[in-house]
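Below: model.cif (mmCIF, C-alpha atoms)
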```
data_data
#
loop_
_atom_site.label_atom_id
_atom_site.label_comp_id
_atom_site.auth_asym_id
_atom_site.auth_seq_id
_atom_site.Cartn_x
_atom_site.Cartn_y
_atom_site.Cartn_z
CA MET F 1 13.73 -35.86 1.67
CA ASN F 2 17.15 -36.45 0.20
CA ASN F 3 19.11 -33.81 -1.69
CA TYR F 4 18.08 -35.19 -5.05
CA GLU F 5 14.38 -34.72 -4.21
CA ILE F 6 14.96 -31.19 -2.95
CA LEU F 7 16.83 -30.35 -6.15
CA LEU F 8 13.95 -31.65 -8.27
CA MET F 9 11.45 -29.57 -6.30
CA ILE F 10 13.49 -26.47 -7.11
CA LEU F 11 14.21 -27.37 -10.74
CA VAL F 12 10.58 -28.10 -11.67
CA PRO F 13 9.13 -24.67 -10.77
CA ALA F 14 12.24 -23.04 -12.29
CA LEU F 15 11.42 -24.76 -15.57
CA VAL F 16 7.72 -23.82 -15.29
CA ASN F 17 8.68 -20.16 -14.82
CA ILE F 18 11.02 -20.13 -17.81
CA CYS F 19 8.34 -21.73 -19.98
CA LEU F 20 5.69 -19.21 -18.90
CA ARG F 21 7.97 -16.24 -19.54
CA ALA F 22 9.00 -17.67 -22.93
CA VAL F 23 5.46 -18.24 -24.28
CA PRO F 24 5.14 -15.03 -26.34
CA PHE F 25 8.67 -15.37 -27.72
CA VAL F 26 8.08 -18.98 -28.79
CA PHE F 27 4.86 -18.20 -30.60
CA LEU F 28 5.51 -14.73 -32.01
CA GLY F 29 8.03 -13.08 -34.28
CA ARG F 30 10.17 -16.12 -34.90
CA LYS F 31 10.14 -16.12 -38.70
CA LYS F 32 9.08 -12.61 -39.60
CA GLU F 33 8.31 -9.31 -37.91
CA VAL F 34 5.34 -9.36 -35.57
CA GLY F 35 2.20 -7.89 -37.10
CA ALA F 36 0.86 -4.41 -36.46
CA GLY F 37 -1.99 -5.89 -34.39
CA ILE F 38 0.30 -7.64 -31.89
CA ARG F 39 2.61 -4.67 -31.78
CA ASN F 40 -0.33 -2.40 -31.07
CA VAL F 41 -1.52 -4.64 -28.20
CA GLY F 42 2.06 -4.97 -26.94
CA ASP F 43 2.30 -1.18 -26.78
CA MET F 44 -0.98 -0.84 -24.88
CA LEU F 45 -0.58 -3.79 -22.48
CA PRO F 46 2.00 -2.32 -20.05
CA ALA F 47 -0.46 0.34 -18.86
CA ALA F 48 -3.16 -2.30 -18.32
CA ILE F 49 -0.71 -4.67 -16.59
CA MET F 50 0.62 -1.94 -14.31
CA ALA F 51 -2.95 -1.16 -13.20
CA THR F 52 -3.44 -4.89 -12.55
CA LEU F 53 -0.19 -5.09 -10.54
CA VAL F 54 -1.27 -2.17 -8.34
CA ILE F 55 -4.55 -3.96 -7.61
CA TYR F 56 -2.61 -7.22 -7.13
CA CYS F 57 -0.45 -5.57 -4.45
CA ILE F 58 -3.45 -4.29 -2.52
CA ARG F 59 -5.64 -7.37 -3.20
CA SER F 60 -5.81 -8.25 0.50
CA ILE F 61 -8.17 -5.31 1.10
CA THR F 62 -11.04 -7.67 0.21
CA VAL F 63 -10.25 -9.89 3.21
CA SER F 64 -8.36 -7.67 5.70
CA GLY F 65 -9.72 -5.68 8.60
CA MET F 66 -10.48 -1.95 8.63
CA THR F 67 -7.18 -0.93 10.29
CA ASP F 68 -5.05 -2.81 7.74
CA ASN F 69 -7.00 -1.34 4.86
CA ILE F 70 -6.73 2.22 6.14
CA MET F 71 -2.95 1.78 6.55
CA THR F 72 -2.58 0.37 3.04
CA LEU F 73 -4.82 2.88 1.29
CA THR F 74 -3.34 5.85 3.18
CA SER F 75 0.16 4.79 2.14
CA VAL F 76 -0.93 4.33 -1.49
CA ALA F 77 -2.55 7.77 -1.43
CA VAL F 78 0.55 9.41 0.07
CA THR F 79 2.80 7.67 -2.49
CA SER F 80 0.55 8.91 -5.30
CA LEU F 81 0.34 12.48 -4.01
CA LEU F 82 4.11 12.64 -3.47
CA HIS F 83 4.62 11.39 -7.02
CA ILE F 84 2.13 13.78 -8.58
CA TRP F 85 3.67 16.64 -6.61
CA LYS F 86 7.43 15.94 -6.70
CA LYS F 87 7.66 13.66 -9.76
CA ASN F 88 10.59 11.86 -8.15
CA THR F 89 10.37 8.06 -7.97
CA ILE F 90 12.83 7.65 -5.10
CA ILE F 91 11.07 10.25 -2.93
CA SER F 92 7.63 8.76 -3.62
CA ILE F 93 8.65 5.16 -2.94
CA SER F 94 10.71 5.83 0.18
CA GLY F 95 8.09 8.26 1.54
CA GLY F 96 5.21 5.83 1.06
CA THR F 97 7.14 2.82 2.33
CA ILE F 98 8.50 4.53 5.45
CA LEU F 99 5.00 5.77 6.26
CA TYR F 100 3.60 2.26 5.84
CA MET F 101 6.33 0.72 8.02
CA VAL F 102 5.72 3.30 10.75
CA LEU F 103 1.94 2.70 10.59
CA VAL F 104 2.42 -1.08 10.78
CA HIS F 105 4.81 -0.67 13.68
CA ILE F 106 2.35 1.50 15.64
CA PHE F 107 -1.04 -0.01 14.75
CA GLY F 108 -0.17 -3.42 13.30
CA MET P 1 29.24 -1.68 -22.68
CA ARG P 2 30.18 1.73 -21.33
CA LYS P 3 30.54 2.80 -17.73
CA ARG P 4 27.85 5.46 -17.94
CA GLU P 5 25.35 2.98 -19.37
CA VAL P 6 25.99 0.71 -16.38
CA LYS P 7 25.64 3.67 -14.04
CA TYR P 8 22.42 4.83 -15.71
CA ALA P 9 20.99 1.31 -15.36
CA PHE P 10 22.03 1.18 -11.69
CA VAL P 11 20.27 4.46 -10.84
CA LYS P 12 17.08 3.21 -12.49
CA THR P 13 17.16 0.02 -10.38
CA ILE P 14 17.57 1.77 -7.00
CA PRO P 15 13.86 1.48 -6.06
CA ILE P 16 14.11 -2.27 -6.71
CA LEU P 17 17.44 -2.52 -4.87
CA PHE P 18 15.67 -1.86 -1.56
CA SER P 19 12.67 -4.09 -2.11
CA TYR P 20 14.62 -7.03 -3.56
CA ILE P 21 17.37 -6.94 -0.93
CA PHE P 22 14.85 -6.95 1.93
CA LEU P 23 12.38 -9.40 0.37
CA GLY P 24 15.27 -11.64 -0.69
CA MET P 25 16.50 -11.48 2.91
CA ALA P 26 13.04 -12.42 4.15
CA PHE P 27 13.06 -15.44 1.85
CA GLY P 28 16.54 -16.43 3.06
CA ILE P 29 15.39 -16.22 6.67
CA VAL P 30 12.28 -18.30 5.97
CA MET P 31 14.42 -20.97 4.25
CA TYR P 32 16.86 -20.94 7.17
CA GLN P 33 14.04 -21.37 9.67
CA ALA P 34 12.62 -24.25 7.62
CA GLY P 35 15.97 -25.99 8.00
CA PHE P 36 17.54 -25.45 4.57
CA SER P 37 21.14 -24.36 4.22
CA PHE P 38 22.02 -21.14 2.41
CA GLY P 39 23.05 -23.13 -0.68
CA TRP P 40 19.46 -24.24 -1.32
CA ALA P 41 18.09 -20.76 -0.67
CA VAL P 42 20.56 -19.12 -3.06
CA LEU P 43 20.05 -21.78 -5.74
CA THR P 44 16.28 -21.23 -5.55
CA SER P 45 16.66 -17.47 -5.91
CA ILE P 46 19.04 -17.87 -8.85
CA ILE P 47 16.98 -20.32 -10.93
CA VAL P 48 13.36 -19.94 -9.75
CA TYR P 49 13.61 -16.13 -9.40
CA SER P 50 9.98 -15.46 -8.66
CA GLY P 51 9.09 -13.46 -5.55
CA ALA P 52 5.81 -14.60 -4.06
CA PHE P 53 6.02 -18.15 -5.39
CA GLN P 54 9.35 -18.79 -3.64
CA PHE P 55 7.70 -18.11 -0.28
CA VAL P 56 4.98 -20.63 -1.12
CA LEU P 57 7.62 -23.16 -2.16
CA VAL P 58 9.24 -23.27 1.31
CA PRO P 59 6.48 -25.23 3.12
CA PHE P 60 6.23 -27.49 0.04
CA LEU P 61 9.95 -28.22 0.33
CA ALA P 62 9.67 -28.84 4.04
CA ALA P 63 6.68 -31.17 3.64
CA GLY P 64 7.89 -32.97 0.53
CA THR P 65 4.78 -32.08 -1.49
CA SER P 66 4.35 -33.87 -4.83
CA LEU P 67 6.07 -32.41 -7.90
CA ILE P 68 2.74 -32.13 -9.72
CA THR P 69 1.35 -29.87 -6.96
CA VAL P 70 4.52 -27.77 -7.03
CA ALA P 71 4.35 -27.41 -10.82
CA LEU P 72 0.62 -26.56 -10.88
CA THR P 73 1.03 -23.99 -8.11
CA ALA P 74 3.85 -22.37 -10.08
CA VAL P 75 1.62 -22.21 -13.17
CA ALA P 76 -1.29 -20.77 -11.20
CA MET P 77 0.78 -18.14 -9.42
CA ASN P 78 2.98 -17.05 -12.31
CA SER P 79 0.87 -17.37 -15.43
CA ARG P 80 0.59 -13.57 -15.50
CA HIS P 81 4.19 -13.60 -16.76
CA ILE P 82 2.94 -14.94 -20.10
CA PHE P 83 1.71 -11.45 -20.90
CA TYR P 84 4.91 -9.58 -20.09
CA GLY P 85 6.86 -10.77 -23.12
CA LEU P 86 4.19 -9.52 -25.54
CA SER P 87 5.56 -5.98 -25.30
CA PHE P 88 9.16 -6.99 -25.91
CA VAL P 89 9.04 -9.69 -28.60
CA GLU P 90 11.09 -7.76 -31.15
CA GLU P 91 13.17 -5.77 -28.69
CA PHE P 92 14.48 -8.76 -26.71
CA ARG P 93 14.88 -10.94 -29.80
CA SER P 94 17.24 -8.35 -31.24
CA MET P 95 19.54 -8.66 -28.22
CA GLY P 96 21.47 -11.69 -29.50
CA LYS P 97 23.20 -13.75 -26.84
CA ARG P 98 21.47 -11.79 -24.08
CA PHE P 99 17.97 -12.64 -25.41
CA PRO P 100 17.44 -15.86 -23.37
CA TYR P 101 18.51 -14.11 -20.16
CA MET P 102 16.14 -11.19 -20.81
CA VAL P 103 13.25 -13.64 -21.18
CA PHE P 104 14.24 -15.69 -18.11
CA SER P 105 14.63 -12.61 -15.89
CA LEU P 106 11.26 -11.05 -16.79
CA THR P 107 9.77 -10.61 -13.30
CA ASP P 108 7.06 -8.12 -12.29
CA GLU P 109 9.73 -5.60 -11.35
CA SER P 110 12.08 -6.03 -14.30
CA PHE P 111 9.06 -5.87 -16.60
CA ALA P 112 8.01 -2.62 -14.95
CA LEU P 113 11.52 -1.18 -15.34
CA ASN P 114 11.77 -2.25 -18.96
CA CYS P 115 8.43 -0.55 -19.67
CA SER P 116 9.05 2.65 -17.80
CA THR P 117 12.68 3.52 -18.49
CA GLU P 118 13.48 6.23 -21.00
CA PHE P 119 16.75 5.83 -22.81
CA PRO P 120 19.07 8.75 -23.54
CA GLU P 121 19.82 9.19 -27.25
CA ASP P 122 23.54 8.69 -26.88
CA MET P 123 23.37 5.40 -24.96
CA ASP P 124 22.71 1.85 -26.16
CA ARG P 125 19.35 0.91 -24.68
CA LYS P 126 20.05 -2.82 -25.09
CA ASN P 127 23.04 -2.52 -22.76
CA ILE P 128 20.91 -0.58 -20.29
CA ARG P 129 18.07 -3.12 -20.44
CA PHE P 130 20.49 -5.99 -19.87
CA CYS P 131 22.19 -4.27 -16.92
CA MET P 132 18.85 -3.39 -15.29
CA SER P 133 17.62 -6.99 -15.49
CA LEU P 134 20.95 -8.38 -14.28
CA PHE P 135 21.17 -5.93 -11.36
CA CYS P 136 17.65 -6.83 -10.17
CA HIS P 137 18.57 -10.53 -10.23
CA ILE P 138 21.80 -9.84 -8.30
CA TYR P 139 19.91 -7.86 -5.61
CA TRP P 140 17.46 -10.73 -5.17
CA VAL P 141 20.22 -13.34 -4.86
CA CYS P 142 22.37 -11.18 -2.55
CA GLY P 143 19.37 -10.50 -0.30
CA THR P 144 18.68 -14.23 -0.12
CA LEU P 145 22.30 -15.05 0.71
CA PHE P 146 22.38 -12.36 3.36
CA GLY P 147 19.09 -13.49 4.93
CA SER P 148 19.94 -17.19 5.00
CA VAL P 149 23.42 -16.63 6.45
CA MET P 150 22.35 -14.05 9.02
CA GLY P 151 19.35 -16.16 10.00
CA GLN P 152 17.44 -14.70 12.89
CA VAL P 153 20.09 -12.29 14.19
CA ILE P 154 18.87 -9.30 12.17
CA PRO P 155 18.14 -6.62 14.79
CA PHE P 156 15.65 -4.39 12.98
CA ASP P 157 11.94 -4.96 12.43
CA PHE P 158 11.49 -4.92 8.65
CA GLU P 159 7.77 -5.58 8.66
CA GLY P 160 6.07 -3.55 5.97
CA ILE P 161 9.14 -3.15 3.74
CA ASP P 162 7.31 -5.11 1.04
CA PHE P 163 5.17 -2.01 0.52
CA CYS P 164 7.95 -0.64 -1.69
CA MET P 165 6.76 -3.01 -4.43
CA THR P 166 3.28 -1.51 -4.26
CA ALA P 167 4.79 1.98 -4.24
CA LEU P 168 6.97 1.15 -7.26
CA PHE P 169 3.98 0.02 -9.31
CA VAL P 170 1.94 3.05 -8.22
CA THR P 171 4.67 5.47 -9.35
CA ILE P 172 5.09 3.70 -12.71
CA PHE P 173 1.32 3.69 -13.20
CA ILE P 174 1.23 7.46 -12.60
CA ASP P 175 4.21 8.05 -14.92
CA GLN P 176 2.56 6.03 -17.66
CA TRP P 177 -0.72 7.85 -17.12
CA ARG P 178 1.06 11.19 -17.47
CA THR P 179 2.82 10.38 -20.73
CA ALA P 180 0.18 8.15 -22.37
CA SER P 181 -1.54 9.39 -25.52
CA SER P 182 -4.61 7.38 -24.50
CA HIS P 183 -5.81 6.41 -21.03
CA VAL P 184 -8.02 3.62 -22.37
CA PRO P 185 -5.54 0.74 -21.70
CA ALA P 186 -4.95 1.86 -18.08
CA VAL P 187 -8.69 2.21 -17.44
CA ILE P 188 -9.38 -1.21 -19.00
CA GLY P 189 -6.68 -2.80 -16.83
CA LEU P 190 -8.05 -1.14 -13.73
CA GLY P 191 -11.65 -2.06 -14.60
CA THR P 192 -11.04 -5.75 -15.33
CA SER P 193 -8.83 -6.14 -12.22
CA VAL P 194 -11.36 -4.61 -9.85
CA LEU P 195 -14.19 -6.55 -11.51
CA PHE P 196 -12.51 -9.96 -11.11
CA LEU P 197 -11.15 -9.10 -7.66
CA ILE P 198 -14.75 -8.59 -6.52
CA LEU P 199 -16.07 -11.62 -8.44
CA LEU P 200 -13.32 -14.18 -7.79
CA GLY P 201 -11.45 -12.91 -4.74
CA ALA P 202 -7.80 -12.11 -4.03
CA ASP P 203 -6.28 -15.47 -5.00
CA ASN P 204 -7.76 -16.01 -8.43
CA PHE P 205 -8.41 -12.67 -10.08
CA ILE P 206 -5.20 -11.79 -11.88
CA LEU P 207 -5.24 -14.24 -14.80
CA PRO P 208 -8.86 -13.71 -15.89
CA ALA P 209 -8.34 -9.95 -15.49
CA LEU P 210 -5.32 -9.99 -17.81
CA VAL P 211 -7.00 -12.28 -20.33
CA LEU P 212 -10.08 -10.06 -20.53
CA ALA P 213 -7.96 -6.86 -20.69
CA THR P 214 -5.89 -8.32 -23.54
CA ALA P 215 -9.02 -9.41 -25.41
CA ILE P 216 -10.59 -5.96 -25.07
CA LEU P 217 -7.34 -4.28 -26.15
CA ILE P 218 -7.09 -6.50 -29.26
CA PHE P 219 -10.67 -5.55 -30.15
CA TYR P 220 -10.07 -1.88 -29.31
CA GLY P 221 -6.81 -1.89 -31.28
CA LYS P 222 -8.58 -3.22 -34.37
CA GLN P 223 -11.22 -0.51 -34.06
CA THR P 224 -8.80 2.39 -33.78
CA ILE P 225 -5.95 1.27 -35.98
CA ASN P 226 -6.03 2.80 -39.42
CA LYS P 227 -3.70 2.67 -42.34
CA GLU P 228 -2.08 6.00 -41.63
CA GLU P 229 -1.10 4.97 -38.12
CA VAL P 230 0.37 1.69 -39.32
CA LEU P 231 2.44 3.47 -41.96
CA GLN P 232 3.60 6.08 -39.47
CA ASP P 233 4.47 3.40 -36.92
CA THR P 234 6.49 1.40 -39.45
CA ALA P 235 8.31 4.54 -40.54
CA ASP P 236 9.17 5.40 -36.92
CA ARG P 237 10.42 1.91 -36.26
CA ASN P 238 12.58 1.79 -39.39
CA GLU P 239 14.06 5.11 -38.41
CA ARG P 240 14.78 3.87 -34.90
CA ASN P 241 16.32 0.63 -36.18
CA GLY P 242 18.44 2.67 -38.53
CA HIS P 243 19.97 4.53 -35.60
CA GLU P 244 21.16 1.40 -33.83
#
```
The structure given in the file should be rewritten as structure tokens.
Amino acid sequence: MNNYEILLMILVPALVNICLRAVPFVFLGRKKEVGAGIRNVGDMLPAAIMATLVIYCIRSITVSGMTDNIMTLTSVAVTSLLHIWKKNTIISISGGTILYMVLVHIFG
Amino acid sequence: MRKREVKYAFVKTIPILFSYIFLGMAFGIVMYQAGFSFGWAVLTSIIVYSGAFQFVLVPFLAAGTSLITVALTAVAMNSRHIFYGLSFVEEFRSMGKRFPYMVFSLTDESFALNCSTEFPEDMDRKNIRFCMSLFCHIYWVCGTLFGSVMGQVIPFDFEGIDFCMTALFVTIFIDQWRTASSHVPAVIGLGTSVLFLILLGADNFILPALVLATAILIFYGKQTINKEEVLQDTADRNERNGHE
């Protein structure tokens, strides 16, 4: 491939991404304020999306082996417990991640 | 923009600092190993700016896959981003010159930050939002540059560092759960995700899950919304706008 082709292969997905992210802004709230219905859904969606993103991150549990799943789920549980207990984002994230990295290093 | 707003934004992005630097580095290393110079890697991270998809793009680049395949894969992998803007239509639109950048930089992580951050009364939340999004982008690009220049000489085994993304979303989910007036949206999101994960598998579940969750929330919103709430909401918003 020449440089021009490589550039195109980077520009095309860049454009796709911008278009996807812009969809709600193109269709909503351009002329007047967005309606109460949309606003209501917009306020409720983050909680639903965050739940989806958590599942998205651990989606491989449907295809991975037992050891991988135990490592993942243990680390998620420890992160959650740390967060419920200490209420400190940095502690929860570093605690869970370090645990996961150690587990992967030993059993992975 | 004031110094303490920048500092406040920086502190909020620290969890993402670690994950983006290391994942960006991983992407840089993968690009290097596929034979692309750091210029291509950095350019990709600046303009594509989309975690998982960038890793999928590397073998495409190496093999010279057709542009149609590249475009369709990008749509399939990133269509969840369509939903992120719904919560920020008015907020981002009111940010003037910074509005297009806020839309462009709406990744999973910057979306999560923009949802979860509380803004002190005496600071301009638009400045903070902009700084948070910009910082995340900078971390991602710096990580990429670092990874592609350092190549394979990085001495430490970083396997598993990507768990910090999972951990970030878990902590935000718990924070939202704690402060939410209703747990219905979280439960709906969880329910539709698990349902479609079981039905459709790991690669295809996210879009149908989000579509169904949004549909249920629209229906649920219509059921619960009543005139009083609408009036109260409008009053709150006018008050808030008045303060800015």
Exercise for review: Find the residues near Ile55 (chain F): any atom within 8 Å, counting only C-alpha atoms, skip ones fewer than 2 places away on the same chain, and give them as a ChimeraX atom specification.
Suggested key: /F:51-53,57-59 /P:190,193-194
Residues matched by the PyMOL selection byres ((chain F and resi 83-99) around 12), written as a JSON list (two decimals) with C-alpha atoms, keeping the file's coordinate frame:
```
[["chain", "number", "residue", "atom", "x", "y", "z"],
["F", 71, "MET", "CA", -2.95, 1.78, 6.55],
["F", 72, "THR", "CA", -2.58, 0.37, 3.04],
["F", 73, "LEU", "CA", -4.82, 2.88, 1.29],
["F", 74, "THR", "CA", -3.34, 5.85, 3.18],
["F", 75, "SER", "CA", 0.16, 4.79, 2.14],
["F", 76, "VAL", "CA", -0.93, 4.33, -1.49],
["F", 77, "ALA", "CA", -2.55, 7.77, -1.43],
["F", 78, "VAL", "CA", 0.55, 9.41, 0.07],
["F", 79, "THR", "CA", 2.80, 7.67, -2.49],
["F", 80, "SER", "CA", 0.55, 8.91, -5.30],
["F", 81, "LEU", "CA", 0.34, 12.48, -4.01],
["F", 82, "LEU", "CA", 4.11, 12.64, -3.47],
["F", 100, "TYR", "CA", 3.60, 2.26, 5.84],
["F", 101, "MET", "CA", 6.33, 0.72, 8.02],
["F", 102, "VAL", "CA", 5.72, 3.30, 10.75],
["F", 103, "LEU", "CA", 1.94, 2.70, 10.59],
["F", 104, "VAL", "CA", 2.42, -1.08, 10.78],
["F", 105, "HIS", "CA", 4.81, -0.67, 13.68],
["F", 106, "ILE", "CA", 2.35, 1.50, 15.64],
["F", 107, "PHE", "CA", -1.04, -0.01, 14.75],
["P", 11, "VAL", "CA", 20.27, 4.46, -10.84],
["P", 12, "LYS", "CA", 17.08, 3.21, -12.49],
["P", 13, "THR", "CA", 17.16, 0.02, -10.38],
["P", 14, "ILE", "CA", 17.57, 1.77, -7.00],
["P", 15, "PRO", "CA", 13.86, 1.48, -6.06],
["P", 16, "ILE", "CA", 14.11, -2.27, -6.71],
["P", 17, "LEU", "CA", 17.44, -2.52, -4.87],
["P", 18, "PHE", "CA", 15.67, -1.86, -1.56],
["P", 19, "SER", "CA", 12.67, -4.09, -2.11],
["P", 113, "LEU", "CA", 11.52, -1.18, -15.34],
["P", 116, "SER", "CA", 9.05, 2.65, -17.80],
["P", 117, "THR", "CA", 12.68, 3.52, -18.49],
["P", 158, "PHE", "CA", 11.49, -4.92, 8.65],
["P", 159, "GLU", "CA", 7.77, -5.58, 8.66],
["P", 160, "GLY", "CA", 6.07, -3.55, 5.97],
["P", 161, "ILE", "CA", 9.14, -3.15, 3.74],
["P", 162, "ASP", "CA", 7.31, -5.11, 1.04],
["P", 163, "PHE", "CA", 5.17, -2.01, 0.52],
["P", 164, "CYS", "CA", 7.95, -0.64, -1.69],
["P", 165, "MET", "CA", 6.76, -3.01, -4.43],
["P", 166, "THR", "CA", 3.28, -1.51, -4.26],
["P", 167, "ALA", "CA", 4.79, 1.98, -4.24],
["P", 168, "LEU", "CA", 6.97, 1.15, -7.26],
["P", 169, "PHE", "CA", 3.98, 0.02, -9.31],
["P", 170, "VAL", "CA", 1.94, 3.05, -8.22],
["P", 171, "THR", "CA", 4.67, 5.47, -9.35],
["P", 172, "ILE", "CA", 5.09, 3.70, -12.71],
["P", 173, "PHE", "CA", 1.32, 3.69, -13.20],
["P", 174, "ILE", "CA", 1.23, 7.46, -12.60],
["P", 175, "ASP", "CA", 4.21, 8.05, -14.92],
["P", 176, "GLN", "CA", 2.56, 6.03, -17.66],
["P", 177, "TRP", "CA", -0.72, 7.85, -17.12],
["P", 178, "ARG", "CA", 1.06, 11.19, -17.47]]
```
Exercise for review: Find, counting all atoms listed in the file, the residue in F:Ala48, F:Arg39, F:Gly108, F:Gly65 that gets nearest to chain P.
Suggested key: F:Ala48
Practice item. Given the file shown, enumerate the residues that the PyMOL selection byres ((chain P and resi 95) around 12) captures and present them as number ranges by chain. Key: P: 88-94, 96-103, 124-130, 244
**Study point:** Test item: residues at most 9 Å from Tyr20 (chain P), all atoms listed in the file, excluding those fewer than 5 positions along its chain, as an NGL selection string
**Key:** :P and (15 or 25 or 51 or 136-137 or 139-144 or 162 or 165)
If you count all atoms listed in the file, which residues fall within 7 Å of Arg21 (chain F), apart from same-chain ones fewer than 4 positions away, as an mmCIF file with C-alpha atoms, in the coordinates of the input?
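Printed below is around09.cif as written:
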```cif
data_model
loop_
_atom_site.group_PDB
_atom_site.id
_atom_site.type_symbol
_atom_site.label_atom_id
_atom_site.label_comp_id
_atom_site.auth_asym_id
_atom_site.auth_seq_id
_atom_site.Cartn_x
_atom_site.Cartn_y
_atom_site.Cartn_z
ATOM 1 C CA ASN F 17 8.680 -20.160 -14.820
ATOM 2 C CA HIS P 81 4.190 -13.600 -16.760
ATOM 3 C CA ILE P 82 2.940 -14.940 -20.100
ATOM 4 C CA GLY P 85 6.860 -10.770 -23.120
ATOM 5 C CA VAL P 103 13.250 -13.640 -21.180
ATOM 6 C CA PHE P 104 14.240 -15.690 -18.110
ATOM 7 C CA LEU P 106 11.260 -11.050 -16.790
#
```
**Study point:** Distance query region 196-204 of chain P at most 7 Å, only C-alpha atoms, self and fewer than 4 positions along chain excluded, as a ChimeraX atom specification
**Key:** /F:59-60,62 /P:192,209
Just add N, CA, C and O atoms to region 134-147 of chain P and send it as a tab-separated table (two decimals), keeping the file's coordinate frame.
```tsv
chain	number	residue	atom	x	y	z
P	134	LEU	N	19.91	-7.66	-15.02
P	134	LEU	CA	20.95	-8.38	-14.28
P	134	LEU	C	21.07	-7.85	-12.85
P	134	LEU	O	21.16	-8.63	-11.90
P	135	PHE	N	21.05	-6.52	-12.70
P	135	PHE	CA	21.17	-5.93	-11.36
P	135	PHE	C	20.04	-6.41	-10.45
P	135	PHE	O	20.26	-6.77	-9.30
P	136	CYS	N	18.79	-6.40	-10.98
P	136	CYS	CA	17.65	-6.83	-10.17
P	136	CYS	C	17.87	-8.27	-9.67
P	136	CYS	O	17.65	-8.58	-8.51
P	137	HIS	N	18.32	-9.13	-10.57
P	137	HIS	CA	18.57	-10.53	-10.23
P	137	HIS	C	19.64	-10.63	-9.13
P	137	HIS	O	19.50	-11.38	-8.17
P	138	ILE	N	20.70	-9.83	-9.29
P	138	ILE	CA	21.80	-9.84	-8.30
P	138	ILE	C	21.29	-9.39	-6.92
P	138	ILE	O	21.62	-9.99	-5.90
P	139	TYR	N	20.46	-8.34	-6.90
P	139	TYR	CA	19.91	-7.86	-5.61
P	139	TYR	C	19.15	-8.98	-4.92
P	139	TYR	O	19.27	-9.19	-3.71
P	140	TRP	N	18.32	-9.66	-5.71
P	140	TRP	CA	17.46	-10.73	-5.17
P	140	TRP	C	18.31	-11.85	-4.57
P	140	TRP	O	18.06	-12.32	-3.46
P	141	VAL	N	19.36	-12.25	-5.31
P	141	VAL	CA	20.22	-13.34	-4.86
P	141	VAL	C	21.05	-12.90	-3.65
P	141	VAL	O	21.19	-13.65	-2.67
P	142	CYS	N	21.58	-11.68	-3.69
P	142	CYS	CA	22.37	-11.18	-2.55
P	142	CYS	C	21.52	-11.09	-1.29
P	142	CYS	O	21.97	-11.47	-0.20
P	143	GLY	N	20.29	-10.58	-1.44
P	143	GLY	CA	19.37	-10.50	-0.30
P	143	GLY	C	19.15	-11.88	0.30
P	143	GLY	O	19.19	-12.06	1.52
P	144	THR	N	18.92	-12.85	-0.57
P	144	THR	CA	18.68	-14.23	-0.12
P	144	THR	C	19.88	-14.77	0.64
P	144	THR	O	19.75	-15.34	1.73
P	145	LEU	N	21.08	-14.57	0.07
P	145	LEU	CA	22.30	-15.05	0.71
P	145	LEU	C	22.45	-14.42	2.09
P	145	LEU	O	22.67	-15.10	3.09
P	146	PHE	N	22.26	-13.11	2.13
P	146	PHE	CA	22.38	-12.36	3.36
P	146	PHE	C	21.40	-12.88	4.42
P	146	PHE	O	21.77	-13.18	5.55
P	147	GLY	N	20.14	-13.03	4.01
P	147	GLY	CA	19.09	-13.49	4.93
P	147	GLY	C	19.36	-14.89	5.45
P	147	GLY	O	19.20	-15.16	6.64
```
